[in-house]
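Participant: Dropping the structure in here first, questions after.
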Amino acid sequence: MTPPEPRLNRRTLFRTATALGAAALLPVATPAQAAAPAAHSVKAKPKAKSTSTAASYRDTYHFTVPDQWKNDPQRPIWIEGEYHYYYLYNPDYLTGGTEAGTTWRLATSTDLMSFRDRGVAVPKDTTVNGDVWSGCAVVDAGNTAGFGAGAVIVVVTMEPDSTANSQAQYLYYSTDGGHTFTHHGTDPVLANPGVKDFRDPKVIRDEERGRWVMALAEKTKVGIYHSDDLKSWTYASGFTHEGLGTLECPDLFHITGTGGTATWVLGVSANGKASGLPNTYAYWTGSFDGTTFTPDAATPQWLDHGFDFYGAVTFDKHRADGSVDPAMRYAIGWMNNWDYPNTTPTIDSDGFNGTDSIVREVTLRKDPAGTLYLATSPVTALDDHVSKTVDLGDLTVDGELALSYTGISYELTCEITWDGALTGAGVQLRKSVDKGRHIDAGIYDNFAFVNRRGVPNPDSSGNYQESHTPFDAATRSVRLRALVDRTTVEVFFDDGRYVHSMEAFPYLVDTGVSLFTTGGPAVFRDTMIREFTL
């Protein structure tokens, strides 16, 4: 977790987003963009500061903070039939007063689609150590910490002095089911050893060895620590990887795949932009003996290949009886990026800045080469919130086909197949009437892509407009599932090994949808659009 930037430019708002979106149209089109009808400069601007629903930029079916600011998700935990989702919340974001920094706010959910706001659970500035950053919550079923069986324990980073190496881990506890927390004194449970980056603890229970295990972000290393009581920690080992910036928000878990295949996974939020890699959630499969994590390969894989899926966490899937499903986890990420955290139309339109990805189901798969990987798909409970279905069936496209459907927030699914030569194919989302503005997603030659260049978006550099992942054109088919909302788009290709998530700010008047091909015809099979209500 990196603290929010100073308030400067926090209210550049949609005026800036509009300007940046127009500027982003200037670079030469990529091959994938050229495969679709050309985008043009933005020529219109929607109204701002309206309180009407029609003018709202708040996502329809994604989790958003009620007001002010949110960033890092904290790993949800299961308590009495509900997921408790904590996240970093800054109640002073808009005013920019003397108080600064984040608290932990709580929302609860039974299906990970509809959330009930429970307010601030872990407050800031209750001790001389200041505000609370990222960490994790665990249920101490065995009363190892001494606060009672079933107490909820939070281990969290705080930084009493930003000018010194003072990031350290502190403990808060709750005896009311995780709704309110009390600090366990002003001394850390894991002190800083004299380094700048020492944060984002992630704690799991090692039942086999009867102890707790912590993964901690230490610049280019993930430190592994042990504890019997959550209050005293001992260094055990470290996993180091250079070239991905400062590693943050580590994750450590075990997952089982089909046929009994199982692996440990170590994940981090990482920045691979300097090497042309994502700035999202990197992970390694491997083995873990309770002390040391050993990766299967030196090079990480990525849970998301878009530009805006940061601080992500995975967490246990609980069955109806409360037991944990070993073959599936959930994941949720913050749909923003520290390169442009304060550029969004939602501040003016709705008074907040903070939107999450859809919760995703995470499963373990193996490719033909024998490489284990994680595949993700939107949480199944999304199906329970469908308010409208438009079944378009099979559509043959040779060039461009504008659909009769129009909308702002929806899901589009299809399988694109072809027999002859084909250069590219895909969909254009949130398209303007004059065809000049749209988000493109599809395949071109040997890669899949999502391109936000044609609409206002937060990237002022113009460098992060189109994301790519590998695609095998020899298969002559691709499954595409696009989740489109007012400020976000998430596209899942095939089985979900490759997902592209990013912010985009189309004008609310831009509601068209088109299908396109280049270099030949294709059939868009089982084309369906669904809308959702929470």
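Labeling convention for the structure tokens: chains A, B, ... as they appear, residues from 1 per chain, ligands from 1 in order of appearance.
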Can you list, as a compact mmCIF listing (two decimals) with C-alpha atoms, in the first residue's frame, every protein, DNA or RNA residue that comes within 7 Å of segment 101-118 of chain A when you count only C-alpha atoms, leaving out same-chain residues fewer than 3 positions away?
Facilitator:
# COMPACT_ATOMS: atom_id res chain seq x y z
CA GLY A 81 -22.37 -16.44 7.19
CA GLU A 82 -21.09 -13.16 5.77
CA TYR A 83 -17.95 -11.94 4.08
CA HIS A 84 -16.43 -9.01 5.95
CA TYR A 85 -14.74 -6.80 3.37
CA TYR A 86 -12.42 -4.15 4.79
CA TYR A 87 -10.76 -1.54 2.60
CA LEU A 88 -8.62 1.56 2.98
CA TYR A 89 -10.86 4.60 3.33
CA ASN A 90 -9.91 8.27 3.66
CA ALA A 121 -14.08 -0.43 11.69
CA VAL A 122 -10.42 0.41 12.33
CA PRO A 123 -10.11 4.18 12.95
CA LYS A 124 -7.06 6.30 12.33
CA ASP A 131 -3.32 6.29 10.31
CA VAL A 132 -3.62 2.63 9.34
CA TRP A 133 -2.40 1.24 6.03
CA VAL A 359 -15.21 -10.15 -7.55
CA ALA A 381 -23.66 -14.56 -8.07
CA LEU A 382 -23.61 -12.03 -10.90
CA LEU A 534 -28.13 -4.64 -7.22
Participant: Mind checking which residues fall within 6 Å of segment 504-508 of chain A, counting only C-alpha atoms, ignoring those fewer than 4 positions away in the same chain, and posting them as a PyMOL selection string?
Facilitator: chain A and resi 455-457+487-488
Participant: Enumerate the residues of segment 344-375 of chain A with a DSSP assignment of helix (DSSP H, G or I), computed from the backbone, and present them as a PyMOL selection string.
Facilitator: chain A and resi 346-350
Participant: Tell me, as an MDAnalysis selection string, which residues lie within 12 Å of Val324 of chain A, counting only C-alpha atoms; anything in the same chain fewer than 3 positions away does not count.
Facilitator: chainID A and resid 77:78 254:256 315:321 327:330
Participant: Please list as a PyMOL selection string every residue within 10 Å of segment 209-221 of chain A, counting only C-alpha atoms and excluding residues in the same chain fewer than 3 positions away.
Facilitator: chain A and resi 1+135-136+144+155+157+169+195-206+224-230+233-252+266-270+290-291
Participant: In Å, how far is it from atom CA of Tyr283 of chain A to atom CA of Ile443 of chain A?
Facilitator: 24.8 Å
Participant: To one decimal place, how far is atom CA of Leu190 of chain A from atom CA of Ala168 of chain A in Å?
Facilitator: 6.0 Å
Participant: Give me the residues near Ser409 of chain A as a list of chain:residue names, where near means some atom within 9 Å (using only C-alpha atoms) and where sequence neighbours in that chain fewer than 6 positions away do not count.
Facilitator: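 Those residues are A:Asp59, A:Thr60, A:Tyr61, A:Leu483, A:Val484, A:Asp485, A:Arg486, A:Arg530, A:Glu531, A:Phe532.
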Participant: Determine, counting only C-alpha atoms, which protein, DNA and RNA residues have an atom within 6 Å of an atom of segment 347-358 of chain A; residues of the same chain fewer than 4 positions away are not included. Present the result as a PyMOL selection string.
Facilitator: chain A and resi 48-50+56+62-65+67-70+332-335
Participant: Please extract the residues of segment 111-234 of chain A with a backbone DSSP assignment of strand (DSSP E or B) and present them as a count of residues only.
Facilitator: 55
Participant: Excluding Pro470 of chain A and its own-chain neighbours fewer than 4 positions away, which residues fall within 10 Å of it when counting only C-alpha atoms? Please give them as a ChimeraX atom specification.
Facilitator: /A:443,445-449,498
Participant: Deliver the residues from the most recent selection as a file, using all heavy atoms, as a short mmCIF file (atom, residue, chain, number, x, y, z; two decimals), in the first residue's frame.
Facilitator:
data_model
loop_
_atom_site.label_atom_id
_atom_site.label_comp_id
_atom_site.auth_asym_id
_atom_site.auth_seq_id
_atom_site.Cartn_x
_atom_site.Cartn_y
_atom_site.Cartn_z
N ILE A 443 -9.31 -9.55 -30.93
CA ILE A 443 -8.03 -10.18 -31.29
C ILE A 443 -7.53 -9.56 -32.58
O ILE A 443 -8.31 -9.12 -33.44
CB ILE A 443 -8.15 -11.72 -31.41
CG1 ILE A 443 -9.26 -12.11 -32.41
CG2 ILE A 443 -8.44 -12.33 -30.05
CD1 ILE A 443 -8.78 -12.38 -33.81
N ASP A 445 -4.31 -10.62 -35.25
CA ASP A 445 -3.15 -11.47 -35.56
C ASP A 445 -2.89 -12.44 -34.41
O ASP A 445 -3.72 -13.30 -34.12
CB ASP A 445 -1.94 -10.59 -35.87
CG ASP A 445 -0.81 -11.36 -36.53
OD1 ASP A 445 -1.05 -12.49 -36.98
OD2 ASP A 445 0.31 -10.83 -36.60
N ASN A 446 -1.79 -12.25 -33.67
CA ASN A 446 -1.41 -13.22 -32.63
C ASN A 446 -1.56 -12.66 -31.22
O ASN A 446 -0.90 -13.13 -30.29
CB ASN A 446 0.02 -13.70 -32.85
CG ASN A 446 1.04 -12.57 -32.77
OD1 ASN A 446 0.66 -11.40 -32.66
ND2 ASN A 446 2.31 -12.91 -32.80
N PHE A 447 -2.40 -11.64 -31.04
CA PHE A 447 -2.61 -11.14 -29.68
C PHE A 447 -4.07 -10.72 -29.48
O PHE A 447 -4.78 -10.37 -30.42
CB PHE A 447 -1.66 -9.99 -29.34
CG PHE A 447 -1.80 -8.76 -30.21
CD1 PHE A 447 -2.73 -7.77 -29.91
CD2 PHE A 447 -0.99 -8.59 -31.32
CE1 PHE A 447 -2.84 -6.63 -30.69
CE2 PHE A 447 -1.10 -7.45 -32.12
CZ PHE A 447 -2.03 -6.47 -31.80
N ALA A 448 -4.48 -10.78 -28.23
CA ALA A 448 -5.76 -10.22 -27.81
C ALA A 448 -5.49 -8.83 -27.25
O ALA A 448 -4.39 -8.56 -26.75
CB ALA A 448 -6.42 -11.11 -26.77
N PHE A 449 -6.48 -7.96 -27.29
CA PHE A 449 -6.25 -6.59 -26.87
C PHE A 449 -7.51 -5.95 -26.32
O PHE A 449 -8.63 -6.37 -26.61
CB PHE A 449 -5.74 -5.75 -28.05
CG PHE A 449 -6.80 -5.47 -29.09
CD1 PHE A 449 -7.58 -4.33 -29.03
CD2 PHE A 449 -7.02 -6.37 -30.13
CE1 PHE A 449 -8.57 -4.08 -29.98
CE2 PHE A 449 -8.00 -6.13 -31.09
CZ PHE A 449 -8.77 -4.98 -31.01
N TYR A 498 -6.26 -14.87 -19.34
CA TYR A 498 -5.91 -13.51 -19.72
C TYR A 498 -7.12 -12.60 -19.55
O TYR A 498 -8.14 -12.78 -20.20
CB TYR A 498 -5.41 -13.48 -21.16
CG TYR A 498 -4.18 -14.32 -21.37
CD1 TYR A 498 -4.20 -15.42 -22.22
CD2 TYR A 498 -2.99 -14.02 -20.70
CE1 TYR A 498 -3.07 -16.20 -22.40
CE2 TYR A 498 -1.86 -14.80 -20.88
CZ TYR A 498 -1.90 -15.89 -21.73
OH TYR A 498 -0.77 -16.66 -21.90
#
